$ cat coords.tsv   # TSV, C-alpha atoms
chain	number	residue	atom	x	y	z
A	15	MET	CA	333.51	102.07	119.74
A	16	GLN	CA	333.44	102.49	123.53
A	17	LEU	CA	336.21	103.92	125.73
A	18	GLY	CA	336.14	103.96	129.54
A	19	ILE	CA	337.41	107.13	131.23
A	20	LEU	CA	339.06	106.37	134.56
A	21	GLY	CA	341.70	107.65	136.97
A	22	LEU	CA	342.36	108.64	140.57
A	23	PRO	CA	339.86	110.94	142.34
A	24	LYS	CA	339.78	114.68	141.57
A	25	VAL	CA	341.84	114.59	138.38
A	26	GLY	CA	339.21	116.11	136.08
A	27	LYS	CA	337.63	112.95	134.60
A	28	THR	CA	334.04	114.18	134.68
A	29	THR	CA	335.00	117.66	133.46
A	30	LEU	CA	336.72	116.00	130.49
A	31	PHE	CA	333.71	113.72	129.94
A	32	ASN	CA	331.29	116.67	130.04
A	33	THR	CA	333.29	118.62	127.48
A	34	LEU	CA	333.79	115.67	125.13
A	35	THR	CA	330.13	114.64	125.16
A	36	ALA	CA	328.40	118.01	125.84
A	37	SER	CA	327.01	116.51	129.06
A	38	ARG	CA	326.13	118.32	132.26
A	39	GLN	CA	327.23	115.83	134.91
A	40	GLU	CA	327.94	117.36	138.32
A	41	THR	CA	331.53	118.35	139.07
A	42	GLY	CA	333.11	120.20	141.97
A	43	LYS	CA	336.42	120.78	143.70
A	44	PHE	CA	335.51	119.16	146.98
A	45	ALA	CA	333.26	116.18	146.14
A	46	ALA	CA	334.02	113.34	143.74
A	47	SER	CA	331.17	111.75	141.81
A	48	ALA	CA	330.27	108.13	142.51
A	49	ALA	CA	328.18	107.80	139.35
A	50	THR	CA	329.03	106.04	136.08
A	51	ASN	CA	328.07	108.25	133.12
A	52	MET	CA	327.77	107.48	129.41
A	53	GLY	CA	327.87	109.89	126.45
A	54	VAL	CA	328.79	110.24	122.78
A	55	ALA	CA	331.42	112.57	121.25
A	56	SER	CA	331.81	113.55	117.60
A	57	VAL	CA	335.25	113.05	116.04
A	58	PRO	CA	336.22	116.37	114.37
A	59	ASP	CA	337.53	115.85	110.84
A	60	ARG	CA	338.54	118.82	108.70
A	61	ARG	CA	338.38	116.67	105.55
A	62	LEU	CA	334.73	115.82	106.17
A	63	GLU	CA	333.90	119.42	107.06
A	64	GLN	CA	335.28	120.59	103.71
A	65	LEU	CA	333.20	117.96	101.89
A	66	ARG	CA	330.15	119.16	103.82
A	67	ASP	CA	330.83	122.74	102.70
A	68	LEU	CA	331.15	121.53	99.09
A	69	PHE	CA	327.94	119.45	98.96
A	70	LYS	CA	325.82	121.42	101.46
A	71	PRO	CA	323.84	118.27	102.39
A	72	ARG	CA	320.61	118.06	104.33
A	73	ARG	CA	322.33	115.78	106.89
A	74	TYR	CA	325.88	115.77	108.19
A	75	GLN	CA	327.24	112.94	110.33
A	76	PRO	CA	330.86	112.80	111.56
A	77	ALA	CA	332.29	109.69	113.19
A	78	THR	CA	331.48	109.23	116.87
A	79	VAL	CA	333.08	107.74	119.97
A	80	GLN	CA	331.17	106.59	123.06
A	81	TYR	CA	332.78	107.41	126.40
A	82	VAL	CA	331.96	105.95	129.81
A	83	ASP	CA	332.97	108.01	132.86
A	84	ILE	CA	334.00	105.69	135.74
A	85	PRO	CA	334.18	106.94	139.38
A	86	GLY	CA	337.64	107.69	140.81
A	87	ILE	CA	339.81	104.77	141.93
A	88	GLN	CA	341.68	104.79	145.23
A	89	ARG	CA	345.08	103.09	145.54
A	90	GLY	CA	344.62	99.51	146.78
A	91	GLU	CA	340.86	99.54	146.13
A	92	GLY	CA	340.84	98.93	142.38
A	93	LYS	CA	339.32	95.46	142.50
A	94	GLU	CA	336.50	96.72	144.72
A	95	SER	CA	335.87	100.12	143.08
A	96	LEU	CA	336.37	99.31	139.39
A	97	ASP	CA	333.08	98.89	137.53
A	98	LEU	CA	334.32	95.63	136.01
A	99	ALA	CA	331.05	94.79	134.26
A	100	LYS	CA	331.25	98.00	132.23
A	101	LEU	CA	335.03	98.23	131.83
A	102	LYS	CA	335.39	94.69	130.49
A	103	GLY	CA	333.19	95.63	127.54
A	104	MET	CA	335.28	98.69	126.64
A	105	ASP	CA	337.38	98.67	123.47
A	106	ALA	CA	340.05	100.84	125.14
A	107	LEU	CA	340.68	102.86	128.30
A	108	VAL	CA	341.31	106.59	128.80
A	109	HIS	CA	343.38	107.37	131.90
A	110	VAL	CA	342.99	111.01	132.97
A	111	VAL	CA	346.13	112.02	134.87
A	112	ARG	CA	346.45	115.15	136.97
A	113	ALA	CA	349.37	117.36	135.92
A	114	PHE	CA	348.09	120.67	137.28
A	115	ALA	CA	348.71	122.41	140.61
A	116	ASP	CA	345.80	123.58	142.78
A	117	PRO	CA	346.30	124.12	146.52
A	118	GLU	CA	342.54	123.82	147.06
A	119	ILE	CA	342.44	120.27	145.69
A	120	VAL	CA	344.55	117.83	147.69
A	121	HIS	CA	345.96	115.10	145.45
A	122	ALA	CA	344.93	111.60	146.50
A	123	GLU	CA	348.63	110.59	146.59
A	124	GLY	CA	349.84	113.77	148.31
A	125	GLY	CA	351.54	115.51	145.38
A	126	VAL	CA	351.36	115.89	141.59
A	127	ASP	CA	353.39	113.16	139.84
A	128	PRO	CA	351.92	111.95	136.49
A	129	ALA	CA	354.36	109.06	136.01
A	130	ARG	CA	353.57	107.71	139.50
A	131	ASP	CA	349.82	108.00	138.91
A	132	ILE	CA	350.04	106.15	135.57
A	133	ALA	CA	351.93	103.34	137.31
A	134	THR	CA	349.42	103.33	140.19
A	135	LEU	CA	346.41	102.85	137.93
A	136	ASP	CA	348.23	100.25	135.84
A	137	LEU	CA	348.88	98.28	139.03
A	138	GLU	CA	345.18	98.38	139.96
A	139	LEU	CA	344.27	97.02	136.51
A	140	ILE	CA	346.96	94.33	136.83
A	141	LEU	CA	345.67	93.24	140.25
A	142	ALA	CA	342.10	93.00	138.94
A	143	ASP	CA	343.35	90.89	136.01
A	144	HIS	CA	345.45	88.69	138.33
A	145	ASP	CA	342.36	87.89	140.40
A	146	LEU	CA	340.37	86.93	137.29
A	147	VAL	CA	343.16	84.78	135.82
A	148	GLU	CA	343.68	82.89	139.09
A	149	ARG	CA	339.96	82.10	139.30
A	150	ARG	CA	339.95	80.85	135.71
A	151	LEU	CA	342.97	78.62	136.34
A	152	GLU	CA	341.28	77.20	139.43
A	153	ARG	CA	338.25	76.24	137.33
A	154	LEU	CA	340.48	74.62	134.71
A	155	GLU	CA	342.32	72.60	137.37
A	156	LYS	CA	338.99	71.31	138.70
A	157	ALA	CA	338.05	70.29	135.16
A	158	VAL	CA	341.21	68.18	134.69
A	159	LYS	CA	339.43	65.15	136.19
A	160	ARG	CA	336.86	65.09	133.40
A	161	GLY	CA	339.55	65.82	130.82
A	162	LEU	CA	340.39	69.15	129.22
A	163	SER	CA	339.63	69.85	125.58
A	164	ASP	CA	342.49	70.85	123.30
A	165	GLU	CA	341.32	74.47	123.43
A	166	GLU	CA	341.20	74.39	127.25
A	167	LYS	CA	344.73	72.96	127.33
A	168	ARG	CA	346.02	75.78	125.10
A	169	GLU	CA	344.18	78.29	127.25
A	170	ARG	CA	345.72	76.90	130.45
A	171	THR	CA	349.20	76.99	128.93
A	172	LEU	CA	348.74	80.62	127.87
A	173	LEU	CA	347.48	81.68	131.30
A	174	GLN	CA	350.09	79.72	133.28
A	175	GLU	CA	353.18	80.35	131.16
A	176	VAL	CA	352.58	83.81	129.69
A	177	VAL	CA	349.78	85.78	131.34
A	178	LEU	CA	350.20	85.00	135.04
A	179	PRO	CA	354.01	85.47	135.14
A	180	ARG	CA	353.61	88.82	133.41
A	181	LEU	CA	350.95	89.98	135.87
A	182	GLU	CA	353.00	88.79	138.84
A	183	ALA	CA	355.90	90.87	137.49
A	184	GLU	CA	353.46	93.84	137.51
A	185	ARG	CA	353.66	94.30	133.74
A	186	PRO	CA	350.49	95.23	131.79
A	187	LEU	CA	349.33	92.73	129.21
A	188	ARG	CA	348.91	95.37	126.50
A	189	GLU	CA	352.69	95.19	125.96
A	190	ALA	CA	352.77	91.41	125.48
A	191	VAL	CA	353.77	90.10	122.04
A	192	LEU	CA	351.66	87.03	121.25
A	193	GLU	CA	350.90	84.70	118.39
A	194	PRO	CA	347.60	85.54	116.58
A	195	ASP	CA	345.77	82.56	118.12
A	196	ASP	CA	346.88	83.54	121.61
A	197	GLU	CA	345.89	87.16	120.98
A	198	ARG	CA	342.38	85.92	120.13
A	199	ARG	CA	342.22	83.82	123.31
A	200	LEU	CA	343.43	86.74	125.42
A	201	ARG	CA	340.80	89.08	123.94
A	202	GLY	CA	338.14	86.61	125.05
A	203	PHE	CA	339.03	87.25	128.70
A	204	GLN	CA	338.56	91.05	128.31
A	205	LEU	CA	341.44	91.68	130.71
A	206	LEU	CA	341.79	95.35	131.63
A	207	SER	CA	345.59	95.70	131.42
A	208	ALA	CA	345.45	94.18	127.92
A	209	LYS	CA	343.26	96.99	126.57
A	210	PRO	CA	344.87	99.83	124.57
A	211	LEU	CA	345.41	102.91	126.74
A	212	LEU	CA	345.11	106.63	126.03
A	213	VAL	CA	346.71	108.84	128.69
A	214	VAL	CA	345.13	112.31	128.93
A	215	LEU	CA	347.34	114.71	130.89
A	216	ASN	CA	345.18	117.39	132.52
A	217	VAL	CA	347.70	120.25	132.64
A	218	ASP	CA	347.81	123.84	133.91
A	219	GLU	CA	346.24	126.39	131.57
A	220	GLY	CA	349.60	127.85	130.59
A	221	ARG	CA	351.08	124.48	129.51
A	222	VAL	CA	348.46	123.08	127.16
A	223	ALA	CA	350.32	124.39	124.06
A	224	GLU	CA	353.63	122.81	125.16
A	225	HIS	CA	352.69	119.23	124.26
A	226	ALA	CA	353.45	118.08	127.80
A	227	GLU	CA	352.72	114.47	126.80
A	228	ARG	CA	356.21	114.35	125.27
A	229	GLU	CA	357.65	114.33	128.78
A	230	LEU	CA	356.34	110.82	129.43
A	231	GLN	CA	358.01	107.61	128.31
A	232	LEU	CA	355.12	105.34	127.40
A	233	GLY	CA	354.87	101.90	125.80
A	234	ALA	CA	353.93	101.19	122.19
A	235	ALA	CA	350.30	100.38	123.07
A	236	VAL	CA	349.84	103.72	124.87
A	237	ARG	CA	349.16	107.17	123.43
A	238	ALA	CA	349.20	110.48	125.28
A	239	VAL	CA	347.43	113.81	124.77
A	240	ALA	CA	347.70	116.97	126.91
A	241	VAL	CA	344.59	119.03	127.67
A	242	SER	CA	343.51	121.67	130.16
A	243	ALA	CA	339.99	120.60	131.14
A	244	PRO	CA	338.89	124.06	132.46
A	245	ILE	CA	340.04	125.71	129.21
A	246	GLU	CA	338.24	123.11	127.10
A	247	GLU	CA	335.08	123.65	129.13
A	248	GLU	CA	335.35	127.41	128.51
A	249	ILE	CA	335.96	126.88	124.77
A	250	GLY	CA	332.83	124.75	124.59
A	251	ARG	CA	330.71	127.64	125.86
A	252	LEU	CA	331.96	130.10	123.20
A	253	ALA	CA	330.43	130.82	119.80
A	254	LEU	CA	332.42	129.34	116.89
A	255	GLU	CA	333.84	132.69	115.77
A	256	GLU	CA	334.99	133.44	119.34
A	257	GLN	CA	336.63	130.03	119.70
A	258	ALA	CA	339.23	130.75	117.00
A	259	GLU	CA	340.35	133.96	118.72
A	260	PHE	CA	340.53	132.26	122.11
A	261	LEU	CA	342.58	129.36	120.71
A	262	ALA	CA	344.95	131.69	118.88
A	263	ALA	CA	345.60	133.56	122.14
A	264	LEU	CA	346.61	130.24	123.72
A	265	GLY	CA	348.84	129.23	120.83
A	266	LEU	CA	346.52	126.39	119.77
A	267	GLU	CA	345.25	125.54	116.29
A	268	GLU	CA	342.28	123.54	117.56
A	269	PRO	CA	340.67	122.48	120.84
A	270	SER	CA	342.82	119.83	122.51
A	271	LEU	CA	339.74	117.66	122.89
A	272	ASP	CA	339.63	117.29	119.11
A	273	ARG	CA	342.96	115.50	119.46
A	274	VAL	CA	341.52	113.31	122.23
A	275	ALA	CA	338.68	112.13	119.99
A	276	ARG	CA	341.01	111.45	117.05
A	277	ALA	CA	343.59	109.71	119.27
A	278	SER	CA	340.77	107.50	120.59
A	279	GLN	CA	340.13	106.32	117.04
A	280	GLU	CA	343.80	105.91	116.15
A	281	LEU	CA	344.46	103.92	119.32
A	282	LEU	CA	342.17	101.17	118.06
A	283	GLY	CA	343.52	101.17	114.50
A	284	LEU	CA	340.32	102.73	113.13
A	285	ILE	CA	340.00	104.79	109.97
A	286	SER	CA	337.18	106.76	108.34
A	287	PHE	CA	335.83	106.55	104.81
A	288	PHE	CA	333.20	108.97	103.54
A	289	THR	CA	329.96	108.90	101.58
A	290	VAL	CA	328.81	112.16	100.01
A	291	GLY	CA	325.79	113.63	98.28
A	292	GLU	CA	323.09	116.27	98.52
A	293	ASP	CA	321.16	114.17	101.05
A	294	GLU	CA	324.05	113.32	103.39
A	295	VAL	CA	327.76	113.68	103.94
A	296	ARG	CA	328.88	111.07	106.45
A	297	ALA	CA	331.94	109.39	107.96
A	298	TRP	CA	331.94	105.64	108.49
A	299	THR	CA	334.37	103.97	110.89
A	300	VAL	CA	336.12	100.69	110.07
A	301	ARG	CA	339.29	98.95	111.20
A	302	ARG	CA	342.41	99.52	109.12
A	303	GLY	CA	342.68	96.64	106.64
A	304	THR	CA	338.91	96.36	106.04
A	305	ARG	CA	337.98	95.18	102.53
A	306	ALA	CA	335.48	97.01	100.35
A	307	ARG	CA	332.69	94.46	100.67
A	308	GLU	CA	332.99	94.43	104.48
A	309	ALA	CA	332.98	98.25	104.53
A	310	ALA	CA	329.77	98.19	102.50
A	311	GLY	CA	328.21	96.09	105.27
A	312	VAL	CA	328.91	98.86	107.79
A	313	ILE	CA	326.43	101.00	105.83
A	314	HIS	CA	323.84	98.24	105.31
A	315	SER	CA	323.89	94.43	105.13
A	316	ASP	CA	321.96	94.53	101.81
A	317	ILE	CA	324.81	96.50	100.21
A	318	GLU	CA	327.31	93.89	101.40
A	319	ARG	CA	325.21	90.98	100.11
A	320	GLY	CA	324.60	92.58	96.71
A	321	PHE	CA	328.05	94.14	96.33
A	322	ILE	CA	329.12	94.70	92.70
A	323	ARG	CA	331.95	97.22	92.93
A	324	ALA	CA	333.10	100.33	94.75
A	325	GLU	CA	333.71	103.68	93.07
A	326	VAL	CA	336.56	105.31	95.00
A	327	VAL	CA	338.21	108.74	94.95
A	328	ARG	CA	340.50	110.42	97.47
A	329	TRP	CA	338.84	113.20	99.46
A	330	ASP	CA	341.37	115.83	98.34
A	331	GLU	CA	340.92	114.95	94.66
A	332	LEU	CA	337.17	115.38	95.04
A	333	LEU	CA	337.67	118.75	96.69
A	334	ARG	CA	340.03	119.80	93.88
A	335	LEU	CA	337.69	118.75	91.04
A	336	ARG	CA	334.47	119.49	92.98
A	337	THR	CA	332.18	116.82	91.43
A	338	LEU	CA	332.27	113.03	91.12
A	339	ALA	CA	331.59	113.43	87.39
A	340	ALA	CA	334.71	115.57	86.99
A	341	CYS	CA	336.72	113.00	88.98
A	342	ARG	CA	335.49	110.30	86.60
A	343	ASP	CA	336.39	112.38	83.53
A	344	GLN	CA	339.89	113.08	84.93
A	345	GLY	CA	340.50	109.40	85.67
A	346	VAL	CA	340.92	109.79	89.45
A	347	LEU	CA	337.66	107.95	90.27
A	348	ARG	CA	338.62	104.27	90.38
A	349	LEU	CA	336.55	101.11	90.17
A	350	GLU	CA	337.55	98.64	92.92
A	351	GLY	CA	336.43	95.09	93.66
A	352	LYS	CA	335.42	93.42	96.92
A	353	GLU	CA	339.04	92.71	97.96
A	354	TYR	CA	340.11	96.37	97.84
A	355	LEU	CA	341.48	97.59	101.19
A	356	VAL	CA	339.62	100.78	102.10
A	357	GLN	CA	341.98	103.67	102.92
A	358	ASP	CA	341.56	106.47	105.43
A	359	GLY	CA	339.99	109.44	103.62
A	360	ASP	CA	338.49	107.45	100.72
A	361	VAL	CA	335.21	108.76	99.34
A	362	VAL	CA	333.27	105.65	98.30
A	363	HIS	CA	330.10	104.99	96.36
A	364	PHE	CA	329.01	101.35	96.40
A	365	ARG	CA	327.23	99.71	93.46
A	366	PHE	CA	325.09	96.73	94.45
A	367	ASN	CA	322.18	94.51	93.44
A	368	GLY	CA	319.27	95.19	95.75
$ encode --input "coords.tsv" --output "structure tokens"
Amino acid sequence: MQLGILGLPKVGKTTLFNTLTASRQETGKFAASAATNMGVASVPDRRLEQLRDLFKPRRYQPATVQYVDIPGIQRGEGKESLDLAKLKGMDALVHVVRAFADPEIVHAEGGVDPARDIATLDLELILADHDLVERRLERLEKAVKRGLSDEEKRERTLLQEVVLPRLEAERPLREAVLEPDDERRLRGFQLLSAKPLLVVLNVDEGRVAEHAERELQLGAAVRAVAVSAPIEEEIGRLALEEQAEFLAALGLEEPSLDRVARASQELLGLISFFTVGEDEVRAWTVRRGTRAREAAGVIHSDIERGFIRAEVVRWDELLRLRTLAACRDQGVLRLEGKEYLVQDGDVVHFRFNG
């Protein structure tokens, strides 16, 4: 899973990226980075941590998210400054929005206004998509002489009658309601305004506990999380026992970046199932609605091919009874076939011929 971090200049993108991925990319008040950075963040999961403490395994592996930090975008320069080659391959986008005051950092738009900045970036994505769609339609028109295939005809209809009018009305494609076949065609274009969006509000230190994201009216395909990047950076430098005291003083139960990582997963309809044992306790990421046999393939293709059945127990039942044997004796360990829909928080052991 890859998410691109983008936004206007000097909003705290790289500070957020550094804290999420434990990177050390250069940041500063008076110079914006022109580099594209990549890093991996762990997705904190209290359920998995409790299973780790129960089994005390030799290896522990939480779910991960890969983030790509994109240089700041200036109004009217999106098509030129967006790293389209990288962004098109992203599963979703993270828009870091400035919601903090700092007289030393002049806002690119002159003043702090999160709603305006969200609309500004959306417009840049829409313009980039409009350019791509127009070029594709031009190629299809040139191909009319040789005769369009049925799939090309459906594609042209979708672009002309649905996609282009929406872009010309300056409406992002992520909000479009389409038939399943048209959704598949649209995904093939990797249009930026069609990608799910996570808005990260970078707020003043005193506001991070207020859930400032509630102030924004966002569409169904958009989530919002409030963080204070400087605070998160400071938390990351503290020892674990000191972090709890620091968070309590701020009125927070956990670092806000934990919510960013989890929201990144939820945005894409992803869930985690777990495998446990003395060797390893691990989270595996699949899309909601994944069947047991397909989930087995995430671990290894041999397990998918030789799938016999899945032994499944809820994570909290395992914690309550403490061993898989006790779960089996108490009747809470179930045997499921290949069509079983894996649920978030399932602990699964796959039986297979191999």
$ closest_residue --input "coords.tsv" --among "A:Asp293, A:Asp358, A:Glu248, A:Asp83" --to "A:Thr50" --atoms "all atoms listed in the file"
A:Asp83
$ closest_residue --input "coords.tsv" --among "A:Val111, A:Val222, A:Pro23, A:Arg273" --to "A:Ala133" --atoms "only C-alpha atoms"
A:Val111
$ atom_distance --input "coords.tsv" --atom1 "atom CA of A:Pro210" --atom2 "atom CA of A:Phe114"
24.6 Å
$ residues_near_point --input "coords.tsv" --point "(350.4, 90.1, 122.3)" --cutoff "12 Å" --atoms "all atoms listed in the file" --output "PyMOL selection string"
chain A and resi 172+176-177+180+186-201+207-210+234-235
$ closest_residue --input "coords.tsv" --among "A:Ile317, A:Ala243, A:Ala223, A:Leu22" --to "A:Leu271" --atoms "only C-alpha atoms"
A:Ala243
$ residues_around --input "coords.tsv" --residues "A:Leu107" --least-positions-apart "4" --cutoff "7 Å" --atoms "all atoms listed in the file" --output "MDAnalysis selection string"
chainID A and resid 17:19 209:212
$ residues_around --input "coords.tsv" --residues "A:Ala297" --least-positions-apart "3" --cutoff "8 Å" --atoms "only C-alpha atoms" --output "list in words"
Leu62, Gln75, Pro76, Ala77, Ser286, Phe287, Phe288 and Thr289 of chain A
$ residues_around --input "coords.tsv" --residues "A:Asn216" --least-positions-apart "5" --cutoff "8 Å" --atoms "all atoms listed in the file" --output "list in words"
Val25, Gly26, Val110, Val111, Arg112, Ala113, Phe114, Ala240, Val241, Ser242 and Ala243 of chain A
$ atom_distance --input "coords.tsv" --atom1 "atom CA of A:Gln16" --atom2 "atom CA of A:Val54"
9.1 Å
$ residues_around --input "coords.tsv" --residues "stretch 144-148 of chain A" --least-positions-apart "6" --cutoff "10 Å" --atoms "all atoms listed in the file" --output "VMD selection string"
chain A and resid 93 138 154 170 173 to 174 177 to 182 184 203 205 207
$ atom_distance --input "coords.tsv" --atom1 "atom CA of A:Arg302" --atom2 "atom CA of A:Arg328"
16.1 Å
$ closest_residue --input "coords.tsv" --among "A:Val82, A:Leu65, A:Thr299, A:Lys100" --to "A:Leu338" --atoms "all atoms listed in the file"
A:Leu65
$ closest_residue --input "coords.tsv" --among "A:Glu268, A:Glu166, A:Gln357, A:Gly320" --to "A:Ile249" --atoms "all atoms listed in the file"
A:Glu268
$ build_atoms --input "coords.tsv" --residues "stretch 177-186 of chain A" --atoms "all heavy atoms" --output "mmCIF file, keeping the file's coordinate frame"
data_model
loop_
_atom_site.group_PDB
_atom_site.id
_atom_site.type_symbol
_atom_site.label_atom_id
_atom_site.label_comp_id
_atom_site.auth_asym_id
_atom_site.auth_seq_id
_atom_site.Cartn_x
_atom_site.Cartn_y
_atom_site.Cartn_z
ATOM 1 N N VAL A 177 350.589 84.707 130.736
ATOM 2 C CA VAL A 177 349.780 85.780 131.340
ATOM 3 C C VAL A 177 350.092 85.956 132.821
ATOM 4 O O VAL A 177 350.416 87.063 133.273
ATOM 5 C CB VAL A 177 348.278 85.503 131.125
ATOM 6 C CG1 VAL A 177 347.434 86.539 131.866
ATOM 7 C CG2 VAL A 177 347.952 85.525 129.624
ATOM 8 N N LEU A 178 350.006 84.880 133.594
ATOM 9 C CA LEU A 178 350.200 85.000 135.040
ATOM 10 C C LEU A 178 351.607 85.494 135.400
ATOM 11 O O LEU A 178 351.737 86.409 136.239
ATOM 12 C CB LEU A 178 349.900 83.659 135.719
ATOM 13 C CG LEU A 178 349.625 83.733 137.227
ATOM 14 C CD1 LEU A 178 348.437 84.624 137.535
ATOM 15 C CD2 LEU A 178 349.385 82.321 137.777
ATOM 16 N N PRO A 179 352.679 84.941 134.812
ATOM 17 C CA PRO A 179 354.010 85.470 135.140
ATOM 18 C C PRO A 179 354.151 86.962 134.833
ATOM 19 O O PRO A 179 354.806 87.696 135.575
ATOM 20 C CB PRO A 179 354.953 84.631 134.263
ATOM 21 C CG PRO A 179 354.210 83.372 134.004
ATOM 22 C CD PRO A 179 352.769 83.773 133.921
ATOM 23 N N ARG A 180 353.523 87.400 133.768
ATOM 24 C CA ARG A 180 353.610 88.820 133.410
ATOM 25 C C ARG A 180 352.878 89.682 134.443
ATOM 26 O O ARG A 180 353.373 90.725 134.857
ATOM 27 C CB ARG A 180 353.008 89.030 132.022
ATOM 28 C CG ARG A 180 353.310 90.385 131.454
ATOM 29 C CD ARG A 180 352.889 90.510 130.014
ATOM 30 N NE ARG A 180 353.399 91.769 129.493
ATOM 31 C CZ ARG A 180 354.562 91.915 128.885
ATOM 32 N NH1 ARG A 180 355.338 90.868 128.707
ATOM 33 N NH2 ARG A 180 354.968 93.102 128.463
ATOM 34 N N LEU A 181 351.707 89.237 134.867
ATOM 35 C CA LEU A 181 350.950 89.980 135.870
ATOM 36 C C LEU A 181 351.684 89.984 137.210
ATOM 37 O O LEU A 181 351.703 91.004 137.914
ATOM 38 C CB LEU A 181 349.548 89.385 136.032
ATOM 39 C CG LEU A 181 348.632 89.498 134.800
ATOM 40 C CD1 LEU A 181 347.331 88.740 135.042
ATOM 41 C CD2 LEU A 181 348.335 90.956 134.461
ATOM 42 N N GLU A 182 352.275 88.864 137.568
ATOM 43 C CA GLU A 182 353.000 88.790 138.840
ATOM 44 C C GLU A 182 354.251 89.661 138.822
ATOM 45 O O GLU A 182 354.723 90.104 139.870
ATOM 46 C CB GLU A 182 353.351 87.330 139.148
ATOM 47 C CG GLU A 182 352.116 86.522 139.534
ATOM 48 C CD GLU A 182 352.400 85.051 139.751
ATOM 49 O OE1 GLU A 182 353.473 84.576 139.297
ATOM 50 O OE2 GLU A 182 351.541 84.368 140.364
ATOM 51 N N ALA A 183 354.763 89.945 137.628
ATOM 52 C CA ALA A 183 355.900 90.870 137.490
ATOM 53 C C ALA A 183 355.411 92.319 137.385
ATOM 54 O O ALA A 183 356.219 93.220 137.164
ATOM 55 C CB ALA A 183 356.718 90.514 136.255
ATOM 56 N N GLU A 184 354.087 92.509 137.549
ATOM 57 C CA GLU A 184 353.460 93.840 137.510
ATOM 58 C C GLU A 184 353.685 94.536 136.178
ATOM 59 O O GLU A 184 353.951 95.730 136.089
ATOM 60 C CB GLU A 184 353.945 94.707 138.677
ATOM 61 C CG GLU A 184 353.594 94.130 140.033
ATOM 62 C CD GLU A 184 354.001 95.012 141.195
ATOM 63 O OE1 GLU A 184 354.593 96.085 140.955
ATOM 64 O OE2 GLU A 184 353.727 94.626 142.346
ATOM 65 N N ARG A 185 353.528 93.763 135.100
ATOM 66 C CA ARG A 185 353.660 94.300 133.740
ATOM 67 C C ARG A 185 352.318 94.183 133.032
ATOM 68 O O ARG A 185 351.716 93.106 132.995
ATOM 69 C CB ARG A 185 354.733 93.538 132.972
ATOM 70 C CG ARG A 185 356.126 93.663 133.589
ATOM 71 C CD ARG A 185 357.072 92.633 133.010
ATOM 72 N NE ARG A 185 357.322 92.825 131.595
ATOM 73 C CZ ARG A 185 357.866 91.906 130.803
ATOM 74 N NH1 ARG A 185 358.218 90.702 131.311
ATOM 75 N NH2 ARG A 185 358.075 92.155 129.533
ATOM 76 N N PRO A 186 351.802 95.294 132.452
ATOM 77 C CA PRO A 186 350.490 95.230 131.790
ATOM 78 C C PRO A 186 350.519 94.340 130.561
ATOM 79 O O PRO A 186 351.535 94.250 129.854
ATOM 80 C CB PRO A 186 350.224 96.696 131.414
ATOM 81 C CG PRO A 186 351.566 97.342 131.375
ATOM 82 C CD PRO A 186 352.393 96.641 132.414
#
